[in-house]
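> Following this line is input_7.txt, made up of compact mmCIF, C-alpha atoms:
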```
# COMPACT_ATOMS: atom_id res chain seq x y z
CA MET A 1483 -3.26 10.29 -31.61
CA LYS A 1484 -5.34 13.44 -31.36
CA ASN A 1485 -7.20 14.60 -28.28
CA ASP A 1486 -11.00 14.50 -28.37
CA LYS A 1487 -12.36 18.06 -28.52
CA ASP A 1488 -14.61 17.66 -25.46
CA LEU A 1489 -11.81 16.00 -23.48
CA THR A 1490 -9.40 18.78 -24.42
CA GLN A 1491 -11.87 21.36 -23.19
CA MET A 1492 -12.21 19.51 -19.88
CA TYR A 1493 -8.44 19.48 -19.37
CA GLU A 1494 -8.24 23.17 -20.24
CA ALA A 1495 -11.06 23.90 -17.77
CA ILE A 1496 -9.10 22.20 -15.00
CA GLY A 1497 -6.04 24.31 -15.80
CA ILE A 1498 -3.94 22.22 -18.19
CA SER A 1499 -2.87 24.07 -21.32
CA ARG A 1500 -3.01 22.69 -24.83
CA PRO A 1501 0.80 22.41 -25.23
CA VAL A 1502 1.15 20.39 -22.00
CA LEU A 1503 -1.78 18.14 -22.94
CA ASP A 1504 -0.41 17.56 -26.45
CA PHE A 1505 3.00 16.71 -25.02
CA GLY A 1506 1.44 14.18 -22.64
CA THR A 1507 -0.66 12.67 -25.43
CA ALA A 1508 2.44 12.16 -27.58
CA VAL A 1509 4.17 10.37 -24.69
CA LEU A 1510 1.17 8.09 -24.16
CA GLU A 1511 1.28 6.81 -27.74
CA ASP A 1512 4.31 4.67 -26.87
CA LEU A 1513 2.91 3.11 -23.68
CA ALA A 1514 0.09 0.86 -24.91
CA ASP A 1515 2.09 -2.37 -24.63
CA ARG A 1516 3.35 -1.51 -21.13
CA PHE A 1517 -0.17 -0.77 -19.96
CA ARG A 1518 -1.43 -4.05 -21.39
CA GLU A 1519 1.16 -5.99 -19.35
CA ILE A 1520 0.09 -4.15 -16.19
CA ASP A 1521 -3.54 -5.05 -16.83
CA GLU A 1522 -2.62 -8.73 -17.22
CA THR A 1523 -0.84 -8.74 -13.85
CA ALA A 1524 -3.79 -6.95 -12.26
CA GLU A 1525 -6.16 -9.57 -13.65
CA TYR A 1526 -4.03 -12.38 -12.20
CA ASN A 1527 -3.89 -10.72 -8.78
CA GLN A 1528 -7.60 -9.95 -8.87
CA LEU A 1529 -8.30 -13.64 -9.35
CA LYS A 1530 -5.88 -14.49 -6.52
CA VAL A 1531 -7.72 -12.21 -4.10
CA LEU A 1532 -11.12 -13.40 -5.31
CA GLN A 1533 -10.18 -17.05 -4.85
CA ALA A 1534 -8.90 -16.41 -1.31
CA MET A 1535 -12.20 -14.73 -0.38
CA ARG A 1536 -14.21 -17.56 -1.91
CA LYS A 1537 -12.12 -20.23 -0.20
CA HIS A 1538 -12.64 -18.66 3.23
CA ARG A 1539 -16.35 -18.09 2.57
CA VAL A 1540 -16.41 -14.37 3.15
CA SER A 1541 -19.93 -13.21 4.03
CA ASP A 1542 -21.55 -9.98 5.16
CA ILE A 1543 -21.47 -11.37 8.69
CA HIS A 1544 -17.71 -10.75 8.55
CA PHE A 1545 -18.28 -6.99 8.27
CA ALA A 1546 -19.88 -6.71 11.72
CA ALA A 1547 -18.29 -4.39 14.28
CA THR A 1548 -16.73 -5.45 17.56
CA THR A 1549 -15.77 -3.20 20.45
CA GLY A 1550 -13.92 -3.44 23.73
CA TYR A 1551 -11.63 -6.45 23.81
CA GLY A 1552 -12.80 -7.70 20.44
CA TYR A 1553 -12.95 -11.33 21.54
CA ASN A 1554 -14.23 -13.86 18.98
CA ASP A 1555 -14.19 -11.36 16.11
CA LEU A 1556 -15.04 -13.70 13.25
CA GLY A 1557 -14.54 -11.04 10.58
CA ARG A 1558 -11.05 -10.18 11.86
CA GLU A 1559 -10.02 -13.82 12.04
CA THR A 1560 -11.33 -14.54 8.55
CA LEU A 1561 -9.68 -11.44 7.09
CA GLU A 1562 -6.33 -12.58 8.48
CA LYS A 1563 -6.84 -16.00 6.87
CA VAL A 1564 -7.59 -14.27 3.56
CA TYR A 1565 -4.43 -12.15 3.83
CA ALA A 1566 -2.34 -15.22 4.66
CA GLU A 1567 -3.80 -16.98 1.61
CA VAL A 1568 -3.16 -14.05 -0.73
CA PHE A 1569 0.43 -13.62 0.50
CA GLY A 1570 1.21 -17.34 0.54
CA ALA A 1571 1.91 -17.20 4.27
CA GLU A 1572 1.05 -19.33 7.30
CA ALA A 1573 -0.58 -16.48 9.22
CA ALA A 1574 -1.24 -12.75 9.16
CA LEU A 1575 -1.87 -9.88 11.52
CA VAL A 1576 -4.20 -7.27 9.93
CA ARG A 1577 -5.32 -4.62 12.40
CA PRO A 1578 -6.65 -1.08 12.61
CA GLN A 1579 -4.56 -0.75 15.78
CA ILE A 1580 -1.47 -0.68 13.53
CA THR A 1581 -1.31 3.01 12.72
CA CYS A 1582 1.06 3.10 9.72
CA GLY A 1583 3.77 1.21 7.86
CA THR A 1584 6.48 2.35 10.27
CA HIS A 1585 4.39 1.08 13.18
CA ALA A 1586 3.88 -2.29 11.47
CA LEU A 1587 7.63 -2.60 10.91
CA SER A 1588 8.35 -1.58 14.49
CA VAL A 1589 5.93 -4.22 15.81
CA ALA A 1590 7.48 -6.92 13.59
CA LEU A 1591 11.03 -6.00 14.60
CA SER A 1592 10.50 -5.50 18.32
CA GLY A 1593 8.33 -8.61 18.55
CA ASN A 1594 11.02 -10.84 17.05
CA LEU A 1595 14.23 -9.32 18.44
CA ARG A 1596 15.64 -9.65 21.95
CA PRO A 1597 18.43 -7.89 23.87
CA GLY A 1598 21.79 -8.99 22.52
CA ASP A 1599 20.42 -9.73 19.04
CA GLU A 1600 21.72 -7.93 15.98
CA LEU A 1601 19.61 -6.55 13.15
CA LEU A 1602 21.18 -6.51 9.67
CA SER A 1603 20.15 -4.51 6.62
CA PRO A 1604 21.90 -5.91 3.52
CA VAL A 1605 20.40 -3.25 1.23
CA GLY A 1606 21.78 -0.08 2.79
CA LYS A 1607 20.13 2.49 5.02
CA PRO A 1608 16.41 1.92 5.63
CA TYR A 1609 13.66 4.49 5.18
CA ASP A 1610 14.10 7.64 7.27
CA THR A 1611 11.35 6.92 9.81
CA LEU A 1612 12.94 3.57 10.71
CA GLU A 1613 16.18 5.25 11.77
CA GLU A 1614 14.68 6.20 15.12
CA VAL A 1615 12.96 2.82 15.51
CA ILE A 1616 16.32 1.10 15.13
CA GLY A 1617 18.36 3.74 16.94
CA ILE A 1618 20.52 4.86 14.03
CA ARG A 1619 19.34 8.27 15.16
CA PRO A 1620 19.01 8.21 18.96
CA SER A 1621 15.40 8.10 20.08
CA GLN A 1622 13.55 7.10 23.23
CA GLY A 1623 12.20 3.57 22.97
CA SER A 1624 14.44 2.53 20.07
CA LEU A 1625 15.70 -1.01 19.61
CA ALA A 1626 19.16 0.25 20.54
CA GLU A 1627 17.86 1.20 23.99
CA TYR A 1628 16.81 -2.42 24.45
CA GLY A 1629 20.23 -3.76 23.59
CA VAL A 1630 19.62 -4.64 19.94
CA THR A 1631 22.57 -3.72 17.75
CA TYR A 1632 22.43 -2.80 14.09
CA ARG A 1633 24.65 -3.36 11.11
CA GLN A 1634 24.17 -2.55 7.44
CA VAL A 1635 25.82 -3.45 4.16
CA ASP A 1636 25.36 -0.94 1.38
CA LEU A 1637 24.41 -1.93 -2.13
CA LEU A 1638 27.17 -1.84 -4.73
CA PRO A 1639 27.39 1.24 -6.96
CA ASP A 1640 25.48 -0.60 -9.70
CA GLY A 1641 22.67 -1.48 -7.27
CA GLY A 1642 23.80 -5.10 -6.85
CA PHE A 1643 24.12 -6.98 -3.58
CA ASP A 1644 27.51 -6.96 -1.86
CA PHE A 1645 27.49 -10.70 -1.16
CA ALA A 1646 31.01 -10.71 0.27
CA GLY A 1647 30.12 -7.85 2.59
CA ILE A 1648 26.89 -9.54 3.64
CA ARG A 1649 28.67 -12.80 4.43
CA ALA A 1650 31.21 -10.92 6.54
CA ALA A 1651 28.49 -8.99 8.38
CA ILE A 1652 26.47 -12.03 9.44
CA CYS A 1653 27.55 -13.23 12.88
CA ASP A 1654 26.27 -15.38 15.74
CA ARG A 1655 24.15 -12.49 17.02
CA THR A 1656 22.47 -11.82 13.66
CA ARG A 1657 18.87 -12.66 14.46
CA LEU A 1658 16.88 -10.77 11.85
CA VAL A 1659 17.59 -9.40 8.38
CA THR A 1660 15.43 -6.53 7.15
CA ILE A 1661 15.09 -6.07 3.39
CA GLN A 1662 13.48 -2.87 2.15
CA ARG A 1663 11.86 -3.57 -1.19
CA SER A 1664 11.18 0.01 -2.24
CA LYS A 1665 13.66 2.85 -2.55
CA GLY A 1666 12.42 5.22 0.17
CA TYR A 1667 14.04 8.65 -0.11
CA ASP A 1668 16.87 7.21 -2.17
CA THR A 1669 17.58 6.80 -5.84
CA ARG A 1670 18.52 3.14 -5.73
CA PRO A 1671 16.61 0.52 -7.74
CA THR A 1672 13.57 -1.10 -6.16
CA LEU A 1673 14.02 -4.83 -5.55
CA SER A 1674 12.02 -7.35 -7.55
CA VAL A 1675 10.60 -10.42 -5.85
CA GLU A 1676 13.10 -12.48 -7.83
CA ARG A 1677 16.04 -10.48 -6.44
CA ILE A 1678 14.60 -10.73 -2.94
CA LYS A 1679 14.41 -14.51 -3.41
CA GLU A 1680 18.08 -14.57 -4.46
CA LEU A 1681 19.12 -12.49 -1.45
CA ILE A 1682 17.17 -14.59 1.05
CA ALA A 1683 18.61 -17.82 -0.38
CA PHE A 1684 22.14 -16.46 0.02
CA ILE A 1685 21.53 -15.27 3.58
CA ARG A 1686 20.08 -18.66 4.53
CA SER A 1687 23.11 -20.39 3.04
CA VAL A 1688 25.25 -18.44 5.51
CA LYS A 1689 22.92 -18.63 8.54
CA PRO A 1690 19.89 -20.91 8.09
CA ASP A 1691 18.02 -19.86 11.24
CA VAL A 1692 17.99 -16.10 10.57
CA ILE A 1693 14.60 -14.38 10.26
CA CYS A 1694 14.16 -12.60 6.93
CA MET A 1695 11.69 -9.70 6.95
CA VAL A 1696 10.71 -7.67 3.89
CA ASP A 1697 9.42 -4.11 4.10
CA ASN A 1698 6.82 -4.61 1.37
CA CYS A 1699 5.43 -1.06 1.35
CA TYR A 1700 4.46 0.15 -2.14
CA GLY A 1701 5.19 -3.28 -3.67
CA GLU A 1702 2.01 -5.28 -3.06
CA PHE A 1703 0.29 -6.56 -6.23
CA VAL A 1704 2.86 -5.00 -8.54
CA GLU A 1705 4.05 -8.53 -9.40
CA LYS A 1706 2.28 -11.87 -9.33
CA LEU A 1707 4.27 -13.09 -6.31
CA GLU A 1708 4.83 -11.60 -2.87
CA PRO A 1709 8.05 -11.97 -0.82
CA THR A 1710 6.48 -14.52 1.56
CA GLN A 1711 6.03 -16.79 -1.46
CA VAL A 1712 9.79 -16.88 -2.08
CA GLY A 1713 11.17 -17.48 1.42
CA ALA A 1714 10.54 -14.35 3.52
CA ASP A 1715 9.48 -15.09 7.10
CA MET A 1716 7.54 -11.83 7.22
CA CYS A 1717 6.40 -9.16 4.82
CA VAL A 1718 5.04 -5.95 6.24
CA GLY A 1719 3.03 -3.05 4.94
CA SER A 1720 0.41 -0.36 5.41
CA LEU A 1721 -3.28 -0.52 4.56
CA ILE A 1722 -3.27 3.10 3.41
CA LYS A 1723 -0.91 2.01 0.66
CA ASN A 1724 -1.48 -0.67 -2.00
CA PRO A 1725 -3.40 -3.42 -0.14
CA GLY A 1726 -6.04 -1.05 1.23
CA GLY A 1727 -7.21 -0.14 -2.25
CA GLY A 1728 -7.83 3.44 -1.15
CA LEU A 1729 -10.73 2.44 1.11
CA CYS A 1730 -8.97 1.58 4.38
CA PRO A 1731 -8.94 4.60 6.70
CA VAL A 1732 -6.14 3.15 8.86
CA GLY A 1733 -4.25 -0.08 9.51
CA GLY A 1734 -1.31 -2.25 8.69
CA TYR A 1735 -0.50 -5.89 8.08
CA ILE A 1736 2.22 -8.42 8.81
CA ALA A 1737 2.08 -11.74 6.94
CA GLY A 1738 4.45 -14.63 7.54
CA THR A 1739 5.19 -17.70 9.62
CA GLU A 1740 3.02 -18.65 12.58
CA ALA A 1741 5.97 -18.13 14.93
CA CYS A 1742 6.86 -14.64 13.69
CA ILE A 1743 3.24 -13.48 13.54
CA GLY A 1744 2.63 -14.77 17.06
CA GLN A 1745 5.59 -12.79 18.39
CA ALA A 1746 4.46 -9.66 16.58
CA ALA A 1747 0.91 -10.03 17.92
CA ARG A 1748 2.18 -10.29 21.49
CA ARG A 1749 4.12 -7.07 20.95
CA LEU A 1750 1.14 -5.28 19.40
CA THR A 1751 -1.22 -6.25 22.23
CA SER A 1752 0.30 -8.00 25.24
CA PRO A 1753 2.00 -11.25 26.22
CA GLY A 1754 -0.75 -13.73 26.96
CA LEU A 1755 -3.24 -11.94 24.71
CA GLY A 1756 -1.62 -11.91 21.25
CA LYS A 1757 -4.09 -12.19 18.38
CA GLU A 1758 -7.09 -12.85 20.61
CA VAL A 1759 -7.90 -9.19 21.26
CA GLY A 1760 -8.35 -6.12 19.10
CA PRO A 1761 -11.78 -4.71 18.19
CA THR A 1762 -12.41 -3.84 14.55
CA LEU A 1763 -14.88 -1.00 15.29
CA GLY A 1764 -16.92 -1.33 12.10
CA LEU A 1765 -13.94 -1.02 9.74
CA LEU A 1766 -13.90 -4.55 8.32
CA GLY A 1767 -16.13 -3.80 5.34
CA SER A 1768 -13.59 -1.29 4.04
CA PHE A 1769 -10.73 -3.70 4.81
CA TYR A 1770 -12.26 -6.50 2.75
CA GLN A 1771 -13.45 -4.27 -0.08
CA GLY A 1772 -10.16 -2.38 -0.18
CA LEU A 1773 -8.23 -5.63 -0.54
CA PHE A 1774 -10.61 -6.72 -3.29
CA LEU A 1775 -10.00 -3.50 -5.24
CA ALA A 1776 -6.26 -3.35 -4.53
CA PRO A 1777 -5.00 -5.12 -7.69
CA THR A 1778 -6.91 -2.71 -9.94
CA VAL A 1779 -6.01 0.39 -7.93
CA THR A 1780 -2.34 -0.65 -7.89
CA ALA A 1781 -2.44 -1.09 -11.66
CA GLY A 1782 -3.69 2.49 -12.06
CA ALA A 1783 -0.90 3.77 -9.82
CA LEU A 1784 1.67 1.83 -11.87
CA LYS A 1785 0.43 3.35 -15.11
CA SER A 1786 0.69 6.80 -13.53
CA ALA A 1787 4.28 6.13 -12.44
CA ILE A 1788 5.29 4.95 -15.91
CA PHE A 1789 3.64 7.99 -17.48
CA ALA A 1790 5.53 10.28 -15.07
CA ALA A 1791 8.83 8.59 -15.88
CA ASN A 1792 8.36 9.00 -19.60
CA ILE A 1793 7.17 12.60 -19.33
CA TYR A 1794 10.12 13.78 -17.25
CA GLU A 1795 12.72 11.61 -18.94
CA ARG A 1796 11.86 13.23 -22.27
CA LEU A 1797 12.41 16.60 -20.62
CA GLY A 1798 15.94 15.57 -19.62
CA PHE A 1799 15.46 14.81 -15.91
CA PRO A 1800 17.02 11.69 -14.35
CA VAL A 1801 14.25 9.26 -13.36
CA ILE A 1802 14.33 6.00 -11.40
CA PRO A 1803 13.08 3.65 -12.69
CA ASN A 1804 13.60 4.90 -16.22
CA GLY A 1805 10.85 4.99 -18.80
CA THR A 1806 11.33 1.45 -20.10
CA GLU A 1807 12.62 -0.77 -17.29
CA PRO A 1808 10.41 -3.18 -15.29
CA ARG A 1809 8.48 -1.92 -12.26
CA TYR A 1810 8.57 -3.45 -8.79
CA ASP A 1811 6.78 -0.74 -6.79
CA ILE A 1812 4.46 2.20 -7.46
CA ILE A 1813 7.00 4.93 -6.66
CA GLN A 1814 8.54 7.12 -9.33
CA ALA A 1815 11.59 9.17 -8.40
CA VAL A 1816 12.36 12.26 -10.49
CA THR A 1817 15.54 14.17 -9.74
CA LEU A 1818 14.56 17.80 -10.30
CA GLY A 1819 17.84 19.36 -9.22
CA THR A 1820 16.57 22.49 -7.45
CA PRO A 1821 14.28 23.19 -4.48
CA GLU A 1822 12.17 25.47 -6.68
CA ARG A 1823 11.34 22.66 -9.10
CA LEU A 1824 10.63 20.24 -6.26
CA ILE A 1825 8.19 22.67 -4.67
CA ALA A 1826 6.53 23.51 -8.00
CA PHE A 1827 6.04 19.83 -8.83
CA CYS A 1828 4.28 19.27 -5.52
CA LYS A 1829 2.13 22.36 -6.03
CA GLY A 1830 0.90 20.86 -9.30
CA ILE A 1831 0.04 17.52 -7.72
CA GLN A 1832 -1.84 19.28 -4.91
CA ALA A 1833 -3.77 21.40 -7.39
CA ALA A 1834 -5.01 18.23 -9.11
CA ALA A 1835 -6.37 16.72 -5.87
CA PRO A 1836 -10.06 16.11 -5.22
CA VAL A 1837 -9.53 17.18 -1.59
CA ASP A 1838 -7.75 20.43 -0.63
CA SER A 1839 -6.90 21.35 -4.22
CA PHE A 1840 -6.85 24.99 -3.11
CA VAL A 1841 -4.11 24.39 -0.53
CA VAL A 1842 -0.49 25.26 -1.34
CA PRO A 1843 1.98 22.71 0.11
CA GLU A 1844 5.02 24.06 1.93
CA PRO A 1845 8.15 22.38 3.30
CA TRP A 1846 8.13 21.64 7.04
CA ASP A 1847 10.06 19.81 9.74
CA MET A 1848 8.12 16.57 9.64
CA PRO A 1849 8.70 14.19 12.59
CA GLY A 1850 11.06 11.33 11.78
CA TYR A 1851 13.05 13.09 9.05
CA ASP A 1852 16.42 14.83 9.09
CA ALA A 1853 15.50 17.61 6.64
CA GLU A 1854 12.46 19.67 5.74
CA VAL A 1855 9.98 17.65 3.70
CA ILE A 1856 7.34 18.86 1.28
CA MET A 1857 4.27 16.72 0.75
CA ALA A 1858 1.39 17.07 -1.68
CA ALA A 1859 -1.52 14.80 -0.80
CA GLY A 1860 -5.08 15.94 -1.26
CA ALA A 1861 -6.41 12.61 -0.08
CA PHE A 1862 -9.65 11.22 1.31
CA VAL A 1863 -7.53 9.39 3.92
CA GLN A 1864 -4.86 11.50 5.61
CA GLY A 1865 -1.40 10.41 4.43
CA SER A 1866 -2.71 7.74 2.09
CA SER A 1867 0.02 7.18 -0.48
CA ILE A 1868 -2.04 4.87 -2.67
CA GLU A 1869 -3.94 8.07 -3.41
CA LEU A 1870 -2.24 10.59 -5.66
CA SER A 1871 0.65 12.13 -3.77
CA ALA A 1872 4.18 13.45 -4.14
CA ASP A 1873 6.80 14.30 -1.59
CA GLY A 1874 10.50 14.71 -1.05
CA PRO A 1875 13.10 16.11 1.32
CA LEU A 1876 14.51 19.55 0.59
CA LYS A 1877 18.09 18.40 0.21
CA GLU A 1878 20.33 17.24 -2.59
CA PRO A 1879 19.61 15.94 -5.17
CA TYR A 1880 16.12 17.48 -4.78
CA ALA A 1881 14.33 14.37 -5.95
CA VAL A 1882 10.54 14.13 -5.81
CA TYR A 1883 8.85 10.81 -5.13
CA PHE A 1884 5.53 10.46 -6.91
CA GLN A 1885 3.10 7.64 -6.17
CA GLY A 1886 -0.51 6.60 -6.20
CA GLY A 1887 -3.68 7.56 -7.95
CA LEU A 1888 -6.91 5.70 -7.18
CA THR A 1889 -7.61 5.77 -10.92
CA TRP A 1890 -5.24 6.00 -13.85
CA TYR A 1891 -7.11 9.04 -15.15
CA HIS A 1892 -6.50 10.95 -11.94
CA GLY A 1893 -2.83 9.96 -11.95
CA LYS A 1894 -2.52 11.20 -15.53
CA THR A 1895 -4.15 14.51 -14.61
CA GLY A 1896 -1.82 14.98 -11.63
CA ILE A 1897 1.31 14.46 -13.73
CA LEU A 1898 0.09 16.88 -16.39
CA MET A 1899 -0.71 19.43 -13.67
CA SER A 1900 2.78 19.08 -12.17
CA LEU A 1901 4.27 19.81 -15.58
CA GLU A 1902 1.86 22.72 -16.08
CA GLN A 1903 3.03 24.27 -12.79
CA LEU A 1904 6.70 23.91 -13.72
CA CYS A 1905 6.06 25.52 -17.09
CA ARG A 1906 4.09 28.40 -15.55
CA GLU A 1907 6.93 29.20 -13.19
CA GLY A 1908 9.46 29.12 -16.04
CA LEU A 1909 11.31 26.16 -14.53
CA VAL A 1910 10.78 23.80 -17.47
CA GLN A 1911 10.44 24.35 -21.20
CA LEU A 1912 8.60 21.94 -23.46
CA PRO A 1913 10.47 20.73 -26.53
CA SER A 1914 9.63 22.73 -29.60
```
Could you write out this file's structure as structure tokens?

Amino acid sequence: MKNDKDLTQMYEAIGISRPVLDFGTAVLEDLADRFREIDETAEYNQLKVLQAMRKHRVSDIHFAATTGYGYNDLGRETLEKVYAEVFGAEAALVRPQITCGTHALSVALSGNLRPGDELLSPVGKPYDTLEEVIGIRPSQGSLAEYGVTYRQVDLLPDGGFDFAGIRAAICDRTRLVTIQRSKGYDTRPTLSVERIKELIAFIRSVKPDVICMVDNCYGEFVEKLEPTQVGADMCVGSLIKNPGGGLCPVGGYIAGTEACIGQAARRLTSPGLGKEVGPTLGLLGSFYQGLFLAPTVTAGALKSAIFAANIYERLGFPVIPNGTEPRYDIIQAVTLGTPERLIAFCKGIQAAAPVDSFVVPEPWDMPGYDAEVIMAAGAFVQGSSIELSADGPLKEPYAVYFQGGLTWYHGKTGILMSLEQLCREGLVQLPS
């Protein structure tokens, strides 16, 4: 496959050299079948979202703003019915008052746990920002301060579940099990919905009344099923990731059983108020439209991740997932091995951004993390990781975590620019 002359000139104008472009084009030749499978899943999920909106008779009246208490917000109530339908759940909480994924998880956990309960993670240490929520790292207001204990069972070296360890860890006080679908700042495999189903079934065989919650961040619409369709009591995520489709300026969701969602709502607002309050402030149009676009946007991000894996794998870098294995989230981990490469990669992603392309990212002590973190994210929505972004902690093994891209073409450009930056700094050599 040769590059079109005009297209080549456009890539060169944006700062991508002919050798880097030709290398990327050669990699793309082998990805047509993978991309076709992604498009088929996106089409299925698009129809699922469309049918949910049709069933609940979404109208422009549902985009109207409410203020103050937000009583009788028809658009908010209908949106939560649509989310419940899409996620195969009894109920959902979808609110702009939920500030991020960590906040959504904190609301779900603190709403459904009580003093004396124990929280169990059967998939190892959770994402860094949850450590202070739980109290793994001491923090004011943590679950530990309220008398909730925590236990974890690490995955086996091959990434499998330690079923014997999980059985031994479950006790009378085990009230809630949290299952992180994505890898976070780790190099473990992401969990498929099928593996989550297997894990939940095992946990229920040991303790039937335990609440199973899935941190669904980065996994929505990657597969045809969501965790709440295979036994999870709650799945939780951020609207500035996959389900917001790049249009939501803020927000998070929790989908699950009526009982769990009711408890979470009373934690988000107040006992006695629950889901009845919460103004939507004119944001509902973007919430509905973002959800509608989410399957297609997620598909573009998946293609970008697969392209990144194949680019860097051919250059000899360890990548998780590898270039050929199935995908269960939009994150691509690339172990770069040195801080210089990690920083250069992020510089390239930032340079390809539509917003703040002229800014040079630098490592900093970001709240909630135990090491300096570098983040590249020239996004329309601050921190939106469904938009093209890359980040990673400056510590061994110096892995970068790449995700997003509102379009496949932008994701492709970002990956090529990251490689261009590494080549310019003499940190990577293209094969001859």
> Tell me, as a VMD selection string, which residues lie within 8 Å of range 1814-1820 of chain A, counting all atoms listed in the file; anything in the same chain fewer than 4 positions away does not count.
chain A and resid 1669 1787 to 1788 1790 to 1791 1794 1799 to 1803 1824 1878 to 1885
> List every residue of range 1776-1812 of chain A that has an atom at most 9 Å from any atom of range 1518-1533 of chain A, giving for each one its closest atom pair and the distance in Å to one decimal, counting only C-alpha atoms, sorted by chain and then by ascending residue number, as a tab-separated table.

```
residue	atom	partner	partner_atom	distance
A:Ala1776	CA	A:Gln1528	CA	8.0
A:Pro1777	CA	A:Ala1524	CA	5.1
A:Thr1778	CA	A:Ala1524	CA	5.8
A:Val1779	CA	A:Ala1524	CA	8.8
A:Thr1780	CA	A:Ala1524	CA	7.8
A:Ala1781	CA	A:Ile1520	CA	6.0
A:Gly1782	CA	A:Ile1520	CA	8.7
A:Leu1784	CA	A:Ile1520	CA	7.5
A:Lys1785	CA	A:Ile1520	CA	7.6
```
> Let me make sure I understand: among A:Phe1645, A:Phe1684, A:Tyr1551, A:Tyr1735, which one has the smallest atom-to-atom distance to Ile1580 in chain A if we use all atoms listed in the file?
A:Tyr1735
> Considering all atoms listed in the file, can you say which of A:Phe1517, A:Phe1643, A:Phe1862, A:Phe1703 comes closest to Phe1789 in chain A?
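That would be A:Phe1517, the residue with the smallest distance to Phe1789 in chain A.
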> Between A:Thr1656, A:Ser1664, A:Thr1739, A:Thr1889, which one has atoms that come closest to Asp1691 in chain A, using all atoms listed in the file?
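Going through A:Thr1656, A:Ser1664, A:Thr1739, A:Thr1889 one by one, the smallest distance to Asp1691 in chain A is for A:Thr1656.
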> Find the spatial neighbours of Ala1508 in chain A, counting all atoms listed in the file, within a cut-off of 12 Å - ignore same-chain residues fewer than 4 positions away - and output them as a ChimeraX atom specification.
/A:1483-1485,1501-1504,1512-1514,1789,1792-1793,1796,1913
> Determine, using all atoms listed in the file, which residues of range 1798-1900 of chain A have any atom at most 9 Å from an atom of range 1704-1716 of chain A, and tabulate each with its shortest atom pair and distance in Å to one decimal place, rows ordered by chain and then rising number, as JSON lines.

```
{"residue": "A:Arg1809", "atom": "CA", "partner": "A:Val1704", "partner_atom": "CA", "distance": 7.4}
{"residue": "A:Tyr1810", "atom": "CA", "partner": "A:Val1704", "partner_atom": "CA", "distance": 5.9}
{"residue": "A:Asp1811", "atom": "CA", "partner": "A:Val1704", "partner_atom": "CA", "distance": 6.0}
{"residue": "A:Ile1812", "atom": "CA", "partner": "A:Val1704", "partner_atom": "CA", "distance": 7.5}
```
> By how many Å are CA of Asp1555 in chain A and CA of Gly1865 in chain A apart?
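CA of Gly1865 in chain A lies at a distance of 27.8 Å from CA of Asp1555 in chain A.
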> Skipping near chain neighbours, those fewer than 3 positions away, what residues fall within 8 Å of Leu1909 in chain A using all atoms listed in the file, listed as a list in words?
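The filter keeps Glu1822, Arg1823, Leu1904, Cys1905 and Arg1906 of chain A.
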> Between CA of Tyr1628 in chain A and CA of Cys1717 in chain A, what is the distance in Å, rounded to a tenth?
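Interatomic distance, CA of Tyr1628 in chain A to CA of Cys1717 in chain A: 23.2 Å.
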> Smallest atom-to-atom distance to Ala1590 in chain A: which of A:Glu1567, A:Ile1678, A:Ile1618, A:Leu1575, using only C-alpha atoms?
A:Leu1575
> Within 8 Å of Gly1727 in chain A, counting all atoms listed in the file, which residues show up once you throw out same-chain ones fewer than 3 positions away? Write them as a ChimeraX atom specification, please.
/A:1721-1724,1730,1771-1777,1779-1780,1868,1888
> Restricting the calculation to all atoms listed in the file, which member of A:Gly1756, A:Pro1731, A:Gly1506, A:Gly1666 is positioned closest to Leu1612 in chain A?
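The closest residue to Leu1612 in chain A is A:Gly1666.
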